[in-house]
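For reference, run-v1.txt is printed below; it contains compact mmCIF, C-alpha atoms.
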# COMPACT_ATOMS: atom_id res chain seq x y z
CA MET A 1105 28.38 15.66 -51.05
CA ARG A 1106 31.13 17.62 -49.28
CA ALA A 1107 29.62 16.81 -45.85
CA LEU A 1108 29.57 13.08 -46.69
CA VAL A 1109 33.23 13.13 -47.63
CA LEU A 1110 34.11 14.80 -44.31
CA ILE A 1111 32.22 12.15 -42.31
CA VAL A 1112 33.95 9.31 -44.15
CA ALA A 1113 37.32 10.96 -43.61
CA LEU A 1114 36.54 11.38 -39.93
CA LEU A 1115 35.50 7.76 -39.52
CA VAL A 1116 38.56 6.33 -41.22
CA ALA A 1117 40.97 8.58 -39.29
CA PRO A 1118 42.80 6.16 -36.94
CA SER A 1119 43.06 6.95 -33.25
CA VAL A 1120 45.03 4.47 -31.14
CA VAL A 1121 43.78 3.47 -27.71
CA ARG A 1122 45.84 1.05 -25.63
CA ALA A 1123 43.57 -1.34 -23.75
CA GLN A 1124 44.20 -2.11 -20.07
CA ASP A 1125 46.59 -5.01 -19.56
CA ASP A 1126 46.72 -5.40 -23.35
CA ASP A 1127 49.73 -4.31 -25.38
CA GLU A 1128 47.84 -4.61 -28.62
CA ALA A 1129 46.48 -1.27 -29.92
CA LEU A 1130 42.75 -1.01 -30.66
CA PRO A 1131 41.39 1.67 -33.02
CA ILE A 1132 38.97 4.02 -31.33
CA ASP A 1133 36.74 4.11 -34.39
CA PRO A 1134 36.29 1.33 -36.96
CA PRO A 1135 35.96 2.02 -40.69
CA ALA A 1136 32.88 3.77 -41.98
CA ASP A 1137 31.59 0.69 -43.77
CA ALA A 1138 30.91 -0.88 -40.32
CA GLN A 1139 28.42 1.91 -39.45
CA PRO A 1140 24.86 2.49 -40.70
CA PRO A 1141 24.27 5.58 -42.82
CA ALA A 1142 24.05 8.72 -40.74
CA ASP A 1143 20.97 10.89 -40.32
CA THR A 1144 21.93 14.06 -42.23
CA SER A 1145 19.61 16.24 -40.15
CA ARG A 1146 21.51 15.53 -36.91
CA ASP A 1147 24.83 14.42 -38.31
CA GLU A 1148 26.56 17.77 -37.95
CA GLU A 1149 26.03 17.92 -34.19
CA ALA A 1150 26.88 14.26 -33.73
CA ARG A 1151 30.11 14.73 -35.71
CA ALA A 1152 31.07 17.73 -33.56
CA LEU A 1153 30.43 15.75 -30.36
CA PHE A 1154 32.46 12.85 -31.68
CA ALA A 1155 35.39 15.15 -32.50
CA ALA A 1156 35.23 16.68 -29.02
CA GLY A 1157 35.15 13.23 -27.45
CA ARG A 1158 38.18 12.05 -29.41
CA THR A 1159 40.11 15.18 -28.39
CA ALA A 1160 39.22 14.64 -24.72
CA PHE A 1161 40.14 10.95 -24.97
CA GLU A 1162 43.56 11.68 -26.43
CA ALA A 1163 44.10 14.28 -23.68
CA GLY A 1164 43.35 11.70 -21.01
CA ARG A 1165 40.02 13.29 -19.98
CA PHE A 1166 38.13 10.02 -20.25
CA SER A 1167 35.06 11.14 -18.30
CA ASP A 1168 34.53 14.05 -20.69
CA ALA A 1169 35.19 11.80 -23.65
CA LEU A 1170 32.59 9.33 -22.41
CA SER A 1171 30.01 12.09 -22.13
CA TYR A 1172 30.68 13.30 -25.67
CA PHE A 1173 30.58 9.78 -27.15
CA GLN A 1174 27.30 8.96 -25.42
CA ARG A 1175 25.61 12.14 -26.62
CA SER A 1176 26.91 11.52 -30.14
CA TYR A 1177 25.54 7.97 -30.04
CA GLU A 1178 22.13 9.20 -28.88
CA LEU A 1179 21.98 11.59 -31.89
CA SER A 1180 23.42 9.39 -34.63
CA GLY A 1181 22.81 5.83 -33.40
CA ARG A 1182 26.09 4.72 -35.05
CA SER A 1183 27.22 1.37 -33.69
CA MET A 1184 30.89 2.31 -33.90
CA LEU A 1185 30.34 4.75 -31.02
CA LEU A 1186 29.65 1.75 -28.74
CA PHE A 1187 33.30 0.85 -29.15
CA ASN A 1188 34.33 4.41 -28.17
CA ILE A 1189 32.02 4.32 -25.17
CA GLY A 1190 33.45 0.98 -24.07
CA SER A 1191 37.02 2.29 -24.49
CA ALA A 1192 36.28 5.33 -22.27
CA HIS A 1193 34.77 3.09 -19.60
CA ASP A 1194 37.73 0.75 -19.91
CA ARG A 1195 40.24 3.55 -19.30
CA MET A 1196 38.35 4.60 -16.18
CA ARG A 1197 38.47 1.02 -14.86
CA GLN A 1198 34.72 0.69 -15.09
CA ASP A 1199 34.93 -2.91 -16.17
CA VAL A 1200 31.24 -3.80 -15.95
CA GLU A 1201 30.17 -0.82 -18.10
CA ALA A 1202 33.04 -1.38 -20.55
CA LEU A 1203 32.13 -5.05 -20.93
CA ALA A 1204 28.49 -4.16 -21.64
CA ALA A 1205 29.46 -1.59 -24.30
CA PHE A 1206 31.93 -3.94 -26.04
CA GLU A 1207 29.44 -6.82 -26.09
CA ALA A 1208 26.79 -4.51 -27.56
CA TYR A 1209 29.32 -3.39 -30.17
CA LEU A 1210 30.09 -6.99 -31.19
CA ARG A 1211 26.39 -7.80 -31.48
CA ALA A 1212 25.76 -4.70 -33.60
CA VAL A 1213 28.85 -5.10 -35.81
CA PRO A 1214 29.79 -8.81 -35.70
CA ASN A 1215 32.08 -8.47 -38.76
CA ALA A 1216 33.97 -5.42 -37.51
CA PRO A 1217 37.66 -5.34 -38.52
CA ASN A 1218 38.72 -5.12 -34.86
CA ALA A 1219 36.27 -7.81 -33.68
CA ARG A 1220 39.05 -10.20 -32.63
CA GLU A 1221 40.79 -7.53 -30.57
CA VAL A 1222 37.52 -6.52 -28.93
CA GLU A 1223 36.67 -10.16 -28.16
CA ALA A 1224 40.05 -10.59 -26.50
CA ARG A 1225 39.42 -7.53 -24.40
CA VAL A 1226 35.98 -8.86 -23.48
CA GLU A 1227 37.57 -12.04 -22.12
CA VAL A 1228 40.06 -10.02 -20.05
CA LEU A 1229 37.25 -7.95 -18.58
CA ARG A 1230 35.17 -10.99 -17.78
CA ARG A 1231 38.06 -12.60 -15.88
CA ALA A 1232 38.73 -9.39 -13.97
CA ILE A 1233 35.08 -9.05 -12.98
CA ALA A 1234 34.87 -12.70 -11.92
CA GLN A 1235 37.96 -12.35 -9.72
CA ARG A 1236 36.49 -9.34 -7.94
CA GLU A 1237 33.12 -10.97 -7.27
CA PRO A 1238 33.01 -12.52 -3.80
CA ALA A 1239 32.68 -16.26 -3.68
CA PRO A 1240 29.26 -17.42 -2.57
CA GLU A 1241 29.20 -17.95 1.13
CA THR A 1242 28.63 -21.49 2.24
CA THR A 1243 26.42 -21.64 5.23
CA VAL A 1244 27.58 -24.30 7.62
CA GLU A 1245 25.09 -25.12 10.26
CA ALA A 1246 26.66 -25.36 13.64
CA PRO A 1247 25.94 -28.60 15.44
CA ALA A 1248 23.20 -28.29 17.96
CA PRO A 1249 24.60 -28.09 21.46
CA GLU A 1250 24.12 -31.19 23.50
CA PRO A 1251 21.53 -30.71 26.20
CA GLU A 1252 23.03 -30.22 29.59
CA ILE A 1253 22.06 -32.80 32.14
CA ALA A 1254 21.36 -31.16 35.43
CA ILE A 1255 22.73 -33.17 38.32
CA ALA A 1256 20.82 -32.58 41.49
CA PRO A 1257 23.08 -31.92 44.46
CA GLU A 1258 23.16 -34.57 47.09
CA VAL A 1259 21.03 -33.61 50.03
CA ASP A 1260 21.23 -35.34 53.35
CA PRO A 1261 17.92 -36.89 54.20
CA ALA A 1262 15.99 -34.88 56.70
CA PRO A 1263 15.76 -36.48 60.12
CA VAL A 1264 12.56 -38.35 60.61
CA ALA A 1265 10.62 -36.97 63.51
CA PRO A 1266 9.62 -39.66 65.95
CA GLN A 1267 6.05 -40.61 65.59
CA PRO A 1268 4.04 -39.91 68.72
CA ALA A 1269 2.77 -42.97 70.49
CA PRO A 1270 -0.86 -43.60 69.74
CA GLU A 1271 -3.05 -42.33 72.47
CA ARG A 1272 -5.11 -44.86 74.28
CA ALA A 1273 -8.74 -44.48 73.56
CA PHE A 1274 -10.70 -43.48 76.63
CA ALA A 1275 -13.79 -45.67 76.74
CA PRO A 1276 -15.23 -45.86 80.26
CA ILE A 1277 -17.47 -48.81 79.50
CA GLY A 1278 -17.03 -50.72 82.76
CA SER A 1279 -17.30 -47.69 84.99
CA SER A 1280 -20.36 -46.55 83.08
CA ILE A 1281 -22.08 -49.89 83.62
CA LEU A 1282 -21.21 -49.96 87.30
CA GLY A 1283 -22.24 -46.36 87.75
CA GLY A 1284 -25.57 -47.09 86.07
CA LEU A 1285 -26.19 -50.06 88.38
CA ALA A 1286 -25.27 -47.93 91.36
CA LEU A 1287 -27.82 -45.32 90.32
CA ILE A 1288 -30.53 -47.90 89.76
CA THR A 1289 -29.81 -49.61 93.08
CA GLY A 1290 -29.74 -46.28 94.87
CA GLY A 1291 -33.06 -45.33 93.26
CA VAL A 1292 -34.63 -48.61 94.38
CA ALA A 1293 -33.18 -48.08 97.88
CA VAL A 1294 -34.73 -44.63 98.06
CA TRP A 1295 -38.10 -46.00 96.96
CA SER A 1296 -37.79 -48.79 99.53
CA TRP A 1297 -36.98 -46.26 102.23
CA VAL A 1298 -39.98 -44.15 101.32
CA ASP A 1299 -42.19 -47.27 101.36
CA ALA A 1300 -40.80 -48.35 104.75
CA ASN A 1301 -41.58 -44.92 106.20
CA ALA A 1302 -45.13 -45.19 104.89
CA ARG A 1303 -45.61 -48.54 106.58
CA TYR A 1304 -44.09 -47.24 109.81
CA GLU A 1305 -46.53 -44.33 109.76
CA GLY A 1306 -49.34 -46.84 109.38
CA LEU A 1307 -48.23 -48.59 112.53
CA GLU A 1308 -48.06 -45.27 114.36
CA THR A 1309 -51.62 -44.39 113.41
CA GLY A 1310 -52.78 -47.88 114.40
CA CYS A 1311 -51.52 -49.89 117.32
CA PHE A 1312 -49.15 -47.31 118.61
CA ALA A 1313 -51.86 -44.68 118.79
CA MET A 1314 -54.37 -47.03 120.43
CA ARG A 1315 -52.20 -49.00 122.85
CA GLY A 1316 -48.88 -47.15 122.82
CA ALA A 1317 -47.11 -50.19 121.42
CA CYS A 1318 -47.45 -52.82 118.69
CA THR A 1319 -47.00 -56.50 119.06
CA ASP A 1320 -44.43 -58.49 117.14
CA ALA A 1321 -47.17 -60.08 115.16
CA GLU A 1322 -48.48 -56.71 114.07
CA ILE A 1323 -45.00 -55.49 113.16
CA ASP A 1324 -44.29 -58.63 111.12
CA ALA A 1325 -47.62 -58.33 109.43
CA SER A 1326 -46.80 -54.76 108.36
CA GLY A 1327 -43.49 -55.86 106.79
CA VAL A 1328 -41.65 -52.81 108.09
CA ASP A 1329 -38.65 -54.78 109.36
CA THR A 1330 -38.26 -56.59 106.04
CA GLN A 1331 -38.61 -53.33 104.18
CA VAL A 1332 -35.91 -51.69 106.33
CA THR A 1333 -33.57 -54.63 105.75
CA VAL A 1334 -34.10 -54.47 101.98
CA THR A 1335 -33.53 -50.73 102.01
CA ASN A 1336 -30.25 -51.10 103.92
CA VAL A 1337 -29.06 -53.81 101.50
CA LEU A 1338 -29.94 -51.68 98.50
CA LEU A 1339 -28.16 -48.65 99.93
CA ALA A 1340 -25.06 -50.72 100.68
CA SER A 1341 -25.13 -52.23 97.19
CA SER A 1342 -25.51 -48.80 95.62
CA LEU A 1343 -22.53 -47.48 97.57
CA ALA A 1344 -20.46 -50.55 96.65
CA LEU A 1345 -21.34 -50.24 93.00
CA ALA A 1346 -20.47 -46.51 93.04
CA ALA A 1347 -17.09 -47.27 94.63
CA ALA A 1348 -16.43 -49.99 92.06
CA ALA A 1349 -17.37 -47.58 89.25
CA VAL A 1350 -14.82 -45.08 90.55
CA VAL A 1351 -12.11 -47.72 90.71
CA VAL A 1352 -12.87 -48.99 87.20
CA LEU A 1353 -12.96 -45.43 85.91
CA VAL A 1354 -9.48 -44.87 87.31
CA LEU A 1355 -8.32 -48.04 85.61
CA GLU A 1356 -9.80 -46.97 82.28
CA ILE A 1357 -8.30 -43.46 82.21
CA PRO A 1358 -4.90 -43.46 80.36
CA MET A 1359 -2.34 -42.09 82.79
CA GLY A 1360 1.03 -42.13 81.06
CA GLY A 1361 2.73 -44.25 78.40
CA ASP A 1362 2.68 -47.99 78.28
CA ASP A 1363 5.90 -49.91 78.76
CA ASP A 1364 4.48 -52.80 76.80
CA GLU A 1365 1.89 -52.64 74.09
CA GLY A 1366 -1.51 -53.41 75.52
CA ALA A 1367 -0.37 -53.07 79.16
CA PRO A 1368 -2.53 -50.62 81.11
CA ALA A 1369 -1.09 -47.62 82.91
CA VAL A 1370 -3.11 -48.46 86.03
CA ALA A 1371 -3.59 -51.99 87.31
CA LEU A 1372 -5.71 -53.46 90.02
CA ARG A 1373 -3.86 -55.92 92.25
CA ALA A 1374 -5.95 -58.20 94.41
CA GLY A 1375 -4.37 -60.10 97.28
CA PRO A 1376 -5.67 -62.66 99.76
CA THR A 1377 -6.70 -60.01 102.26
CA SER A 1378 -6.50 -56.73 100.30
CA VAL A 1379 -7.13 -54.96 97.03
CA ALA A 1380 -4.53 -52.43 95.74
CA VAL A 1381 -4.40 -50.09 92.76
CA GLU A 1382 -1.04 -49.73 91.02
CA GLY A 1383 -0.27 -47.11 88.42
CA ARG A 1384 2.64 -45.75 86.32
CA PHE A 1385 2.99 -41.99 85.88

Show the structure stored in the file as structure tokens.
Amino acid sequence: MRALVLIVALLVAPSVVRAQDDDEALPIDPPADAQPPADTSRDEEARALFAAGRTAFEAGRFSDALSYFQRSYELSGRSMLLFNIGSAHDRMRQDVEALAAFEAYLRAVPNAPNAREVEARVEVLRRAIAQREPAPETTVEAPAPEPEIAIAPEVDPAPVAPQPAPERAFAPIGSSILGGLALITGGVAVWSWVDANARYEGLETGCFAMRGACTDAEIDASGVDTQVTVTNVLLASSLALAAAAVVVLVLEIPMGGDDDEGAPAVALRAGPTSVAVEGRF
């Protein structure tokens, strides 16, 4: 019974704590009727811790006071100690922790005699915390840069190389034909010459061998004179055709540029009494 009287006396003993930015005094411990009944087995230690915390608080050693109050609360579970814990935090400018302790105190003891004062302090702490919290950053997307339009530098057109004049196709058609005729005529002339020699040998083994001479009738009958004439004509024709083939070949060979399109580089000029070859080199 004596221990109970001491606890009640301790709880009702007023201790004044001046809240930050608040001129109105708040009691550090509310009346005993706001607390649940204490556990007698641990009450002695809790009461000693509470007394030590109040002494440290009044001496301005708020960190020590907070430690004592918290240990006392862990032992006794008395809701009034939440107010003491919040007051110690408040003096050390630990607004977030003080706000949490005061709000827990109001929830545990909603009809506490100092409820209005504690609620006022809660509002002050909330405003102080809100002012210190940084405003949410607003992300502003930068406009996308406009694509750069590459301007190609002006370049002088490269000089156009002159196109080479088309080469004249070398097609020795005329000279080939004439050369072929010359060869054929020459071949026939050679055959005719061989045949004429054979006939002449026949005359030599005949009338020439028997009489030393042949009559005109025998010579005509052998056809040697005609054969010799044909051979001479063929040889002359072959030579003429060969010469013509050479001339045409010279005309067909491109020998220099043309002054006019389609005009040959070599031209054959025929006059009344002569034939001349003209060329441009």

Item to check | Top pick for closest residue to Leu1287 in chain A, considering A:Ala1313, A:Ala1202, A:Ala1344, A:Val1332 and counting all atoms listed in the file | outcome: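 That would be A:Ala1344, the residue with the smallest distance to Leu1287 in chain A.
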
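Here CA of Tyr1177 in chain A is placed at a distance of 7.4 Å from CA of Ala1150 in chain A.
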
Checklist entry - Near Glu1322 in chain A, within 9 Å and counting only C-alpha atoms, which residues show up once chain neighbours fewer than 4 positions away are dropped, as an NGL selection string? => result :A and (1307 or 1311 or 1318 or 1326-1327)

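Considering all atoms listed in the file, the residue among A:Gly1284, A:Ala1205, A:Asp1329, A:Thr1289 positioned nearest to Arg1303 in chain A is A:Asp1329.
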
Next on the checklist: Between CA of Ser1183 in chain A and CA of Ala1234 in chain A, what distance in Å does the model show, to one decimal?
Outcome noted: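 Rounded to one decimal, the two atoms are 27.0 Å apart.
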
Next on the checklist: As an exercise, work out the distance from CA of Ala1192 in chain A to CA of Phe1166 in chain A in Å and give it to one decimal place.
Outcome noted: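 Distance between the two atoms: 5.4 Å.
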
Checklist entry - Ala1340 in chain A: which residues within 10 Å, counting all atoms listed in the file, same-chain residues fewer than 4 positions away excluded, as a count of residues only? => result 10

Next on the checklist: With all atoms listed in the file as the counted atoms, please give the residues lying no more than 8 Å from range 1174-1176 of chain A, apart from itself and same-chain residues fewer than 2 positions off, as number ranges by chain.
Outcome noted: A: 1149-1151, 1153-1154, 1170-1172, 1178-1181, 1185, 1189

Adding 8 Å on each side of the box along x, y and z that holds all listed atoms of range 1148-1159 of chain A, could you give its centre and edge lengths in Å to one decimal, as JSON?
{"center_x": 33.1, "center_y": 15.0, "center_z": -32.7, "size_x": 30.1, "size_y": 21.9, "size_z": 26.5}
